[in-house]
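Before any comments, here is the structure.
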Amino acid sequence: MGDPVDDRMLSRVAERLYWTARYLERNENLACLINTYTRFVLDIPTTSDFGWDNLIQVVGGEDAFEHRYKDYSEKNVLRFLITDKKNPGAICCTMRAARENVRTTRDTTPDQFWELVNALYLYVNDNADNAIARRGRFEFLEHLIAKMQQMTGVINSRLSREHAYHFIHVGRMLERSDMSSRIIDVAVTMALRYGDKTLPEMNWLWANLLKSLGALTAYREIAGPLIDANGVVNFIFNHTQFPRSIQHCLTEMQTIAKQLRHPQKFILLLGKTQKRIELLRVDKVTLKKMHHFIDQLQRDFSQLNRQIYKLWLAH
Amino acid sequence: MSVQDNGWISYSSQHFYDELLTARRQPRRIARKLIPYLQRLSLDDLNARHKSAELAIREMGISFTVYSEAGEIDRAWPFDIIPRIIHEKNWREVSRGLVQRGKALNAFINDVYNQQRIFADKIIPPELVLKSPYYKKECRGMQPAYGVWSHICGSDLVRDHKGTFYVLEDNLRIPSGVSYMLENREITKHVFPDLFEHYRVVPVDDYASQLFRMLASLSPRQRKHPCIVVLTPGIYNSAYFEHVFLAKSMGTKLVEGRDLFVDTDDCVYMRTVDGLERIDVIYRRVDDDCLDPKVFNKESLLGVPGLIRSWRQNKVAIANAPGCGVADSKAVYAYVPDMIRYYLKQKPIIDNVKTYLCSDPTDRDYVLDHIDQLVIKPVYSSGGYGITVGPHVSRAQRTRCAKSIGRDPRGYIAQPMIALSTAPIFDGRKVAPRHLDLRPFILQGKSSWVTAGGLTRVAMKENSLVVNSSQGGGSKDTWVIR
């Protein structure tokens, strides 16, 4: 008992931990985003036509959504994102998948992690319907976010820096990069769509983007009180010191990869993406170009995912 | 004083032996502190503890899976808050009896797959053993370490109207329940922390380290840290919770068949993020038939092709050994006292329940004449399935049962109704007596070890004798006290 037996990890277990981290990170981001977006909508005049379809676009779910829903009403969109059992990306489904994964890897993570995931799964099951109407939405989302942060806390303070941690951390960092880029993309698309006619809202748009990433305070400390598109995008892309910036996530993945077997190809890919982001002159590109740039980034992220599989998960 | 009764005043176990209260509703010596303590609690207090236990179980995710027509359901573990108490003095004797039984059963399995002396000496009819579906000819000639085949055994004990312990059956293949035994203690600590001040309860949480030590002693390679894994059929198995629990508490890997493979050097390897690693000991929770599709069930995806080859080459140890189920039938059970006398030259310490073998013409006639007084059980089944309780069923059901026996006499045994002991449970409304049994776990490797107490299973319905959790039974924490 308690002997330092070895630090071997089953590829299958690594895969499940990796996906658990991705699901949880995605849920946390999505919860923050829905939360911010709802507050954002409350602030704009009812006459303007800020659509809820923007949220579906973040998760790339337009096809699946339109297949089953008649219109992009607030309720439909929230159902799709939170309670729709037929949408594998809905919070209720990813939470279920995360629970299933943790249940099958309980021997590798702290007990509290399982207890938290299990309790949150039960909570989502019992309460997700309340989040559809605005009245119960904030309470639900904020509970979700708080619990997810608690899980992160347990992982950070109770899990040895060995393989279980490595794969959880890589999963989380990759998902976070991916979600950050998607959230920026939505802001870019919204700016493209509404830029000229609803100008007063544009300032809030970027402030709200920062808020949904929990980055408002951090941004102000660096860039001062004024918020503008270029500054925000640059901050989320490149401000390495901020733990939700994409560069930070990529650097973290690199540090972890160095402790895994034969990481060269993965590190090479990471470097390519990092360089691509560094070289981008945010102030020089049009919104349209920015949208294409983010598309490319997303392709980079899927390639990183494939490489993780090739090197460590699929033996 | 509370005016509420909560069931204590009308408590009556009729002619059964109640383990905590006498027929005059006085606490037995072992329960002298427990019963007054419980009697002082109001209905609200009892309910609060009941709820708190339920919540703890839900949050700790203690569950088991039940299969029904509606698909599999993950159910919360059924638990009764009132602990069952056994004095250590009684337990020591029972525990010696279990070790004795385990030794004889292992000697028997080893004999069946090797010299077969017991058949030559006409102690047991060979066809009773060799025709068992659990007899695996592929295991002939194997000599596992220390001559032990069944390393983890769970024997079911019952107590009769006098409180005497009997063995009802021995589960030698892949007995489950030990994790619930351990979790039950955790829940009781959570629900009644103050009760432990009044009693010296023998701890149970040493099980995982004892299991690890026993498994390590089986390693074919002499290494400081043999590589031990728990092999599970996966998340859809009813005992999956336990597989995770055991792997986690031993600090070993929990693997599925697809994580393992047998290489051309006949060794078993697991696929890890750092490449392949050789495995020394497999604690398997997969049935024999699914272990190796090259040897047993070819359709099975749960096992590892080539595993039996590796085991036969002594490149890997498997616990429990394949084929050990040959001693796990209700017909072989009837001969365990004879085995003890034959192999160990000892007198059995714990008795069997009287068992009539329908394969024997004299016994069969007796059974058919007394079917309304007997419990008829299929020889090869577990989980309480297929049992006919003569006195409790209709005439038509008894006739159907008699026909089944006529068709396949070797497939059935019969036992007298045992007046199973009772203990108080709290069902959310009142305290009442319910029947119970006990499953201790016996570990055998280089040496033998028995759990302090075991898993108590309790029928939650009035007058019911069915304690199986798959059929609505509950469980209790079991205290062996000093």
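In the structure tokens, each chain is lettered A, B, ... as it comes, each chain's residues begin at 1, and ligands are numbered from 1 in order of appearance.
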Which residues, written as a PDB file with C-alpha atoms, in the first residue's frame, have at least one atom at most 7 Å from Ile387 in chain B, with only C-alpha atoms counted and residues fewer than 4 positions away on the same chain left out?
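Output (part-v5.pdb):
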ATOM      1  CA  ILE B 376     -35.463 -26.154  -3.563  1.00  0.00           C
ATOM      2  CA  LYS B 377     -32.459 -24.611  -5.281  1.00  0.00           C
ATOM      3  CA  PRO B 378     -30.875 -25.076  -8.699  1.00  0.00           C
TER       4      PRO B 378
END
Compute the chain B side of the contact with chain A at 10 Å, counting only C-alpha atoms, and hand it back as an MDAnalysis selection string.
chainID B and resid 58:61 208:210 212:213 224:228 234:235 240:241 243:256 258:260 270:277
Point out the residue among B:Leu436, B:Val268, B:Ala76, B:Ala396 with the least atom-to-atom distance to Ser310 in chain B, counting only C-alpha atoms.
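Nearest to Ser310 in chain B: B:Val268.
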With a distance cut-off of 6 Å and only C-alpha atoms, select the neighbouring residues of range 168-185 of chain A, excluding the residue or stretch itself and same-chain residues fewer than 6 positions from it, and output the selection as a list in words.
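So, after excluding close chain neighbours, the residues are Leu17, Tyr18, Ala21, Arg22, Glu25, Val58, Ile246, Cys249 and Met253 of chain A.
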Pull all heavy atoms from the residues just selected and write them as a CSV table (one decimal), in the first residue's frame.
chain,number,residue,atom,x,y,z
A,17,LEU,N,-9.5,10.7,-19.3
A,17,LEU,CA,-9.2,11.9,-18.5
A,17,LEU,C,-9.1,13.1,-19.3
A,17,LEU,O,-9.6,14.2,-19.0
A,17,LEU,CB,-7.9,11.7,-17.7
A,17,LEU,CG,-7.9,10.6,-16.6
A,17,LEU,CD1,-6.5,10.4,-16.1
A,17,LEU,CD2,-8.8,11.0,-15.5
A,18,TYR,N,-8.5,12.9,-20.5
A,18,TYR,CA,-8.3,14.0,-21.4
A,18,TYR,C,-9.7,14.6,-21.8
A,18,TYR,O,-9.9,15.8,-21.8
A,18,TYR,CB,-7.6,13.4,-22.7
A,18,TYR,CG,-7.5,14.3,-23.9
A,18,TYR,CD1,-6.6,15.4,-23.9
A,18,TYR,CD2,-8.3,14.0,-25.0
A,18,TYR,CE1,-6.6,16.2,-25.1
A,18,TYR,CE2,-8.2,14.8,-26.1
A,18,TYR,CZ,-7.4,15.9,-26.2
A,18,TYR,OH,-7.3,16.7,-27.3
A,21,ALA,N,-11.5,16.4,-19.0
A,21,ALA,CA,-11.1,17.8,-18.8
A,21,ALA,C,-11.6,18.7,-19.9
A,21,ALA,O,-12.1,19.8,-19.7
A,21,ALA,CB,-9.5,17.8,-18.9
A,22,ARG,N,-11.7,18.2,-21.1
A,22,ARG,CA,-12.2,19.0,-22.2
A,22,ARG,C,-13.7,19.3,-22.0
A,22,ARG,O,-14.2,20.4,-22.2
A,22,ARG,CB,-12.1,18.2,-23.6
A,22,ARG,CG,-10.6,18.1,-24.0
A,22,ARG,CD,-10.4,17.9,-25.5
A,22,ARG,NE,-10.9,19.1,-26.2
A,22,ARG,CZ,-10.5,19.3,-27.5
A,22,ARG,NH1,-9.7,18.5,-28.1
A,22,ARG,NH2,-11.0,20.3,-28.1
A,25,GLU,N,-14.1,21.8,-19.1
A,25,GLU,CA,-13.6,23.1,-19.5
A,25,GLU,C,-14.6,23.8,-20.4
A,25,GLU,O,-15.0,24.9,-20.3
A,25,GLU,CB,-12.3,23.0,-20.2
A,25,GLU,CG,-11.6,24.4,-20.6
A,25,GLU,CD,-11.2,25.3,-19.4
A,25,GLU,OE1,-11.0,24.7,-18.3
A,25,GLU,OE2,-11.2,26.5,-19.6
A,58,VAL,N,-21.1,29.7,-31.7
A,58,VAL,CA,-19.9,29.5,-30.9
A,58,VAL,C,-19.6,28.0,-30.9
A,58,VAL,O,-18.4,27.6,-31.0
A,58,VAL,CB,-20.1,29.9,-29.4
A,58,VAL,CG1,-18.8,29.7,-28.7
A,58,VAL,CG2,-20.4,31.4,-29.4
A,246,ILE,N,-4.6,32.4,-25.2
A,246,ILE,CA,-4.3,31.3,-26.0
A,246,ILE,C,-2.8,30.9,-25.9
A,246,ILE,O,-2.4,29.8,-25.8
A,246,ILE,CB,-4.8,31.5,-27.4
A,246,ILE,CG1,-6.3,31.6,-27.4
A,246,ILE,CG2,-4.3,30.3,-28.4
A,246,ILE,CD1,-6.9,31.8,-28.8
A,249,CYS,N,-2.0,29.0,-22.8
A,249,CYS,CA,-2.5,27.6,-22.9
A,249,CYS,C,-1.5,26.8,-23.8
A,249,CYS,O,-1.2,25.6,-23.4
A,249,CYS,CB,-3.9,27.5,-23.6
A,249,CYS,SG,-5.1,28.3,-22.6
A,253,MET,N,0.8,23.5,-22.6
A,253,MET,CA,0.7,22.2,-23.3
A,253,MET,C,2.2,21.8,-23.6
A,253,MET,O,2.5,20.6,-23.5
A,253,MET,CB,-0.1,22.3,-24.6
A,253,MET,CG,-1.6,22.2,-24.3
A,253,MET,SD,-2.5,22.0,-25.8
A,253,MET,CE,-3.1,23.7,-26.1
Using only C-alpha atoms: which of B:Tyr412, B:Trp91, B:Tyr113, B:Phe261 has the shortest distance to Pro126 in chain B
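The shortest atom-to-atom distance to Pro126 in chain B comes from B:Tyr113.
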Selection: 12 Å around Tyr342 in chain B, only C-alpha atoms, excl. self and same-chain fewer than 5 positions, as a ChimeraX atom specification
/B:101,103-105,107-108,111,117-119,121-124,335-337,347-348
Shell of 9 Å around Thr273 in chain A, only C-alpha atoms, local chain residues under 2 positions omitted, as a ChimeraX atom specification:
/A:250,268-271,275-278,297,300-301
Find the residues around Ile132 in chain A up to 7 Å (only C-alpha atoms counted), leave out those fewer than 5 positions away in its own chain, and share them as a list in words.
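Counting only the stated atoms, we get Lys75, Leu78, Arg79 and Arg137 of chain A.
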Store the residues picked out above in a file with C-alpha atoms, as a compact mmCIF listing (two decimals), in the first residue's frame.
# COMPACT_ATOMS: atom_id res chain seq x y z
CA LYS A 75 -35.72 29.25 -25.25
CA LEU A 78 -30.92 27.49 -24.37
CA ARG A 79 -32.63 24.13 -24.63
CA ARG A 137 -30.78 30.85 -15.28
As a short mmCIF file (atom, residue, chain, number, x, y, z; two decimals) with all heavy atoms, in the first residue's frame, which residues of range 70-247 of chain B does DSSP assign to strand (DSSP E or B)?
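out.cif written:
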data_model
loop_
_atom_site.label_atom_id
_atom_site.label_comp_id
_atom_site.auth_asym_id
_atom_site.auth_seq_id
_atom_site.Cartn_x
_atom_site.Cartn_y
_atom_site.Cartn_z
N GLY B 71 -33.98 -2.01 -19.12
CA GLY B 71 -32.57 -1.70 -19.31
C GLY B 71 -31.87 -1.63 -17.97
O GLY B 71 -32.50 -1.84 -16.93
N GLU B 72 -30.56 -1.37 -17.98
CA GLU B 72 -29.88 -1.40 -16.69
C GLU B 72 -30.05 -0.07 -15.97
O GLU B 72 -30.12 0.99 -16.56
CB GLU B 72 -28.40 -1.78 -16.82
CG GLU B 72 -27.50 -0.74 -17.39
CD GLU B 72 -27.50 -0.82 -18.89
OE1 GLU B 72 -28.01 -1.83 -19.44
OE2 GLU B 72 -27.00 0.11 -19.50
N ILE B 73 -30.17 -0.20 -14.65
CA ILE B 73 -30.40 0.98 -13.83
C ILE B 73 -29.29 1.01 -12.78
O ILE B 73 -28.99 -0.01 -12.17
CB ILE B 73 -31.75 0.89 -13.08
CG1 ILE B 73 -32.84 0.46 -14.05
CG2 ILE B 73 -32.08 2.20 -12.40
CD1 ILE B 73 -34.02 -0.19 -13.36
N ASP B 74 -28.73 2.18 -12.60
CA ASP B 74 -27.72 2.35 -11.58
C ASP B 74 -28.44 2.76 -10.30
O ASP B 74 -28.95 3.86 -10.20
CB ASP B 74 -26.77 3.46 -12.04
CG ASP B 74 -25.44 3.35 -11.35
OD1 ASP B 74 -25.08 2.24 -10.97
OD2 ASP B 74 -24.77 4.38 -11.22
N ARG B 75 -28.53 1.84 -9.33
CA ARG B 75 -29.30 2.13 -8.13
C ARG B 75 -28.41 2.50 -6.97
O ARG B 75 -27.31 1.97 -6.83
CB ARG B 75 -30.07 0.87 -7.71
CG ARG B 75 -31.40 0.78 -8.39
CD ARG B 75 -32.30 -0.15 -7.58
NE ARG B 75 -33.22 -0.79 -8.49
CZ ARG B 75 -33.81 -1.94 -8.25
NH1 ARG B 75 -33.55 -2.59 -7.14
NH2 ARG B 75 -34.64 -2.45 -9.11
N ALA B 76 -28.91 3.37 -6.10
CA ALA B 76 -28.17 3.71 -4.90
C ALA B 76 -28.14 2.48 -3.99
O ALA B 76 -29.08 1.68 -3.99
CB ALA B 76 -28.82 4.88 -4.18
N ASP B 80 -29.32 0.01 5.77
CA ASP B 80 -30.09 0.26 6.99
C ASP B 80 -29.16 0.82 8.05
O ASP B 80 -28.04 0.33 8.21
CB ASP B 80 -30.74 -1.04 7.49
CG ASP B 80 -31.43 -0.80 8.81
OD1 ASP B 80 -32.41 -0.02 8.81
OD2 ASP B 80 -30.98 -1.34 9.84
N ILE B 81 -29.63 1.84 8.78
CA ILE B 81 -28.72 2.57 9.67
C ILE B 81 -28.34 1.83 10.95
O ILE B 81 -27.35 2.16 11.57
CB ILE B 81 -29.30 3.96 10.06
CG1 ILE B 81 -30.71 3.81 10.65
CG2 ILE B 81 -29.32 4.89 8.85
CD1 ILE B 81 -31.26 5.11 11.23
N ILE B 82 -29.14 0.84 11.37
CA ILE B 82 -28.84 0.18 12.65
C ILE B 82 -27.78 -0.91 12.46
O ILE B 82 -27.99 -1.86 11.71
CB ILE B 82 -30.12 -0.45 13.26
CG1 ILE B 82 -31.20 0.64 13.41
CG2 ILE B 82 -29.80 -1.11 14.61
CD1 ILE B 82 -32.52 0.14 13.95
N PRO B 83 -26.63 -0.76 13.11
CA PRO B 83 -25.58 -1.76 12.89
C PRO B 83 -25.94 -3.11 13.51
O PRO B 83 -26.72 -3.17 14.47
CB PRO B 83 -24.35 -1.16 13.58
CG PRO B 83 -24.87 -0.14 14.53
CD PRO B 83 -26.19 0.34 14.00
N ARG B 84 -25.38 -4.16 12.95
CA ARG B 84 -25.52 -5.49 13.51
C ARG B 84 -24.26 -5.75 14.33
O ARG B 84 -23.17 -5.38 13.92
CB ARG B 84 -25.60 -6.48 12.36
CG ARG B 84 -25.59 -7.93 12.80
CD ARG B 84 -25.28 -8.80 11.60
NE ARG B 84 -25.80 -10.14 11.77
CZ ARG B 84 -25.82 -11.04 10.80
NH1 ARG B 84 -25.38 -10.72 9.61
NH2 ARG B 84 -26.30 -12.23 11.02
N ILE B 85 -24.43 -6.39 15.47
CA ILE B 85 -23.28 -6.56 16.36
C ILE B 85 -23.02 -8.05 16.63
O ILE B 85 -23.95 -8.82 16.89
CB ILE B 85 -23.50 -5.82 17.70
CG1 ILE B 85 -23.74 -4.34 17.42
CG2 ILE B 85 -22.31 -6.01 18.62
CD1 ILE B 85 -23.93 -3.49 18.67
N ILE B 86 -21.74 -8.43 16.55
CA ILE B 86 -21.33 -9.80 16.87
C ILE B 86 -20.14 -9.70 17.82
O ILE B 86 -19.27 -8.85 17.62
CB ILE B 86 -20.91 -10.55 15.59
CG1 ILE B 86 -22.07 -10.61 14.59
CG2 ILE B 86 -20.40 -11.96 15.91
CD1 ILE B 86 -21.67 -11.10 13.22
N HIS B 87 -20.12 -10.53 18.85
CA HIS B 87 -18.99 -10.45 19.77
C HIS B 87 -17.77 -11.16 19.20
O HIS B 87 -17.89 -12.19 18.56
CB HIS B 87 -19.33 -11.02 21.14
CG HIS B 87 -18.37 -10.53 22.19
ND1 HIS B 87 -17.14 -11.09 22.38
CD2 HIS B 87 -18.45 -9.48 23.05
CE1 HIS B 87 -16.49 -10.42 23.33
NE2 HIS B 87 -17.27 -9.44 23.75
N ILE B 152 -9.90 -15.58 -3.26
CA ILE B 152 -10.87 -14.72 -2.59
C ILE B 152 -12.18 -15.48 -2.57
O ILE B 152 -12.72 -15.82 -3.63
CB ILE B 152 -11.06 -13.39 -3.33
CG1 ILE B 152 -9.72 -12.66 -3.42
CG2 ILE B 152 -12.12 -12.52 -2.65
CD1 ILE B 152 -9.18 -12.51 -4.80
N CYS B 153 -12.66 -15.78 -1.38
CA CYS B 153 -13.88 -16.57 -1.26
C CYS B 153 -14.86 -15.80 -0.38
O CYS B 153 -14.47 -15.20 0.62
CB CYS B 153 -13.53 -17.92 -0.64
SG CYS B 153 -14.97 -18.87 -0.16
N GLY B 154 -16.13 -15.79 -0.77
CA GLY B 154 -17.16 -15.16 0.06
C GLY B 154 -18.16 -16.22 0.43
O GLY B 154 -18.89 -16.72 -0.42
N SER B 155 -18.19 -16.62 1.71
CA SER B 155 -19.12 -17.67 2.13
C SER B 155 -20.33 -17.03 2.79
O SER B 155 -20.18 -16.10 3.59
CB SER B 155 -18.44 -18.61 3.12
OG SER B 155 -17.44 -19.35 2.44
N ASP B 156 -21.51 -17.51 2.46
CA ASP B 156 -22.72 -16.95 3.07
C ASP B 156 -23.08 -17.72 4.33
O ASP B 156 -23.25 -18.93 4.29
CB ASP B 156 -23.88 -16.97 2.08
CG ASP B 156 -23.64 -15.98 0.95
OD1 ASP B 156 -22.74 -15.11 1.11
OD2 ASP B 156 -24.32 -16.07 -0.08
N LEU B 157 -23.17 -16.97 5.43
CA LEU B 157 -23.51 -17.58 6.72
C LEU B 157 -24.91 -17.18 7.13
O LEU B 157 -25.34 -16.06 6.86
CB LEU B 157 -22.55 -17.09 7.81
CG LEU B 157 -21.06 -17.36 7.62
CD1 LEU B 157 -20.27 -16.74 8.76
CD2 LEU B 157 -20.80 -18.85 7.55
N VAL B 158 -25.60 -18.09 7.81
CA VAL B 158 -26.89 -17.75 8.41
C VAL B 158 -26.88 -18.24 9.85
O VAL B 158 -26.06 -19.08 10.23
CB VAL B 158 -28.07 -18.42 7.65
CG1 VAL B 158 -28.19 -17.85 6.25
CG2 VAL B 158 -27.90 -19.94 7.59
N ARG B 159 -27.78 -17.69 10.66
CA ARG B 159 -27.91 -18.16 12.04
C ARG B 159 -29.32 -18.69 12.23
O ARG B 159 -30.27 -18.13 11.70
CB ARG B 159 -27.65 -17.01 13.02
CG ARG B 159 -26.27 -16.43 12.84
CD ARG B 159 -26.05 -15.25 13.75
NE ARG B 159 -25.75 -15.68 15.11
CZ ARG B 159 -25.32 -14.82 16.06
NH1 ARG B 159 -25.19 -13.54 15.78
NH2 ARG B 159 -25.04 -15.26 17.27
N PHE B 165 -24.28 -20.41 13.96
CA PHE B 165 -23.91 -20.09 12.58
C PHE B 165 -23.85 -21.35 11.72
O PHE B 165 -23.35 -22.39 12.15
CB PHE B 165 -22.51 -19.45 12.55
CG PHE B 165 -22.52 -17.99 12.90
CD1 PHE B 165 -22.20 -17.55 14.18
CD2 PHE B 165 -22.84 -17.05 11.92
CE1 PHE B 165 -22.20 -16.20 14.50
CE2 PHE B 165 -22.83 -15.70 12.23
CZ PHE B 165 -22.52 -15.27 13.52
N TYR B 166 -24.34 -21.24 10.49
CA TYR B 166 -24.20 -22.30 9.49
C TYR B 166 -23.69 -21.67 8.19
O TYR B 166 -23.97 -20.50 7.93
CB TYR B 166 -25.55 -22.94 9.18
CG TYR B 166 -26.11 -23.77 10.30
CD1 TYR B 166 -26.86 -23.17 11.30
CD2 TYR B 166 -25.89 -25.15 10.34
CE1 TYR B 166 -27.36 -23.92 12.36
CE2 TYR B 166 -26.40 -25.90 11.39
CZ TYR B 166 -27.14 -25.29 12.39
OH TYR B 166 -27.63 -26.03 13.42
N VAL B 167 -22.98 -22.47 7.39
CA VAL B 167 -22.63 -21.99 6.06
C VAL B 167 -23.74 -22.38 5.11
O VAL B 167 -24.15 -23.55 5.08
CB VAL B 167 -21.30 -22.58 5.56
CG1 VAL B 167 -21.02 -22.14 4.13
CG2 VAL B 167 -20.16 -22.17 6.47
N LEU B 168 -24.23 -21.42 4.34
CA LEU B 168 -25.31 -21.70 3.41
C LEU B 168 -24.76 -21.95 2.00
O LEU B 168 -25.28 -22.77 1.26
CB LEU B 168 -26.28 -20.52 3.39
CG LEU B 168 -27.58 -20.69 2.64
CD1 LEU B 168 -28.39 -21.84 3.23
CD2 LEU B 168 -28.39 -19.40 2.71
N GLU B 169 -23.73 -21.21 1.63
CA GLU B 169 -23.04 -21.51 0.37
C GLU B 169 -21.67 -20.86 0.37
O GLU B 169 -21.41 -19.91 1.11
CB GLU B 169 -23.86 -21.08 -0.84
CG GLU B 169 -24.14 -19.58 -0.94
CD GLU B 169 -25.00 -19.25 -2.16
OE1 GLU B 169 -26.05 -19.89 -2.35
OE2 GLU B 169 -24.59 -18.37 -2.93
N ASP B 170 -20.80 -21.39 -0.52
CA ASP B 170 -19.47 -20.81 -0.66
C ASP B 170 -19.37 -20.23 -2.06
O ASP B 170 -19.60 -20.93 -3.04
CB ASP B 170 -18.39 -21.89 -0.50
CG ASP B 170 -18.55 -22.65 0.80
OD1 ASP B 170 -18.24 -22.08 1.85
OD2 ASP B 170 -19.00 -23.82 0.76
N ASN B 171 -19.06 -18.92 -2.15
CA ASN B 171 -18.89 -18.30 -3.47
C ASN B 171 -17.40 -18.24 -3.78
O ASN B 171 -16.68 -17.43 -3.22
CB ASN B 171 -19.50 -16.90 -3.48
CG ASN B 171 -21.00 -16.97 -3.22
OD1 ASN B 171 -21.77 -17.31 -4.11
ND2 ASN B 171 -21.40 -16.68 -1.99
N VAL B 201 -14.99 -1.29 18.30
CA VAL B 201 -15.37 -2.00 17.08
C VAL B 201 -14.08 -2.35 16.31
O VAL B 201 -13.24 -1.48 16.09
CB VAL B 201 -16.26 -1.12 16.19
CG1 VAL B 201 -16.72 -1.90 14.96
CG2 VAL B 201 -17.45 -0.59 16.97
N ILE B 228 0.34 -5.48 -10.59
CA ILE B 228 -0.96 -6.12 -10.30
C ILE B 228 -2.06 -5.28 -10.94
O ILE B 228 -2.03 -4.05 -10.86
CB ILE B 228 -1.18 -6.21 -8.78
CG1 ILE B 228 -0.06 -7.03 -8.14
CG2 ILE B 228 -2.55 -6.80 -8.46
CD1 ILE B 228 -0.10 -7.05 -6.63
N VAL B 229 -3.02 -5.92 -11.56
CA VAL B 229 -4.15 -5.18 -12.11
C VAL B 229 -5.47 -5.83 -11.71
O VAL B 229 -5.51 -7.02 -11.40
CB VAL B 229 -4.11 -5.08 -13.66
CG1 VAL B 229 -2.89 -4.31 -14.11
CG2 VAL B 229 -4.16 -6.46 -14.30
N VAL B 230 -6.53 -5.04 -11.69
CA VAL B 230 -7.88 -5.57 -11.51
C VAL B 230 -8.53 -5.57 -12.89
O VAL B 230 -8.59 -4.54 -13.54
CB VAL B 230 -8.70 -4.70 -10.54
CG1 VAL B 230 -10.13 -5.22 -10.42
CG2 VAL B 230 -8.04 -4.65 -9.16
N LEU B 231 -8.98 -6.74 -13.33
CA LEU B 231 -9.59 -6.85 -14.66
C LEU B 231 -11.11 -6.81 -14.52
O LEU B 231 -11.71 -7.69 -13.90
CB LEU B 231 -9.14 -8.16 -15.33
CG LEU B 231 -9.80 -8.52 -16.66
CD1 LEU B 231 -9.45 -7.50 -17.75
CD2 LEU B 231 -9.37 -9.92 -17.12
#
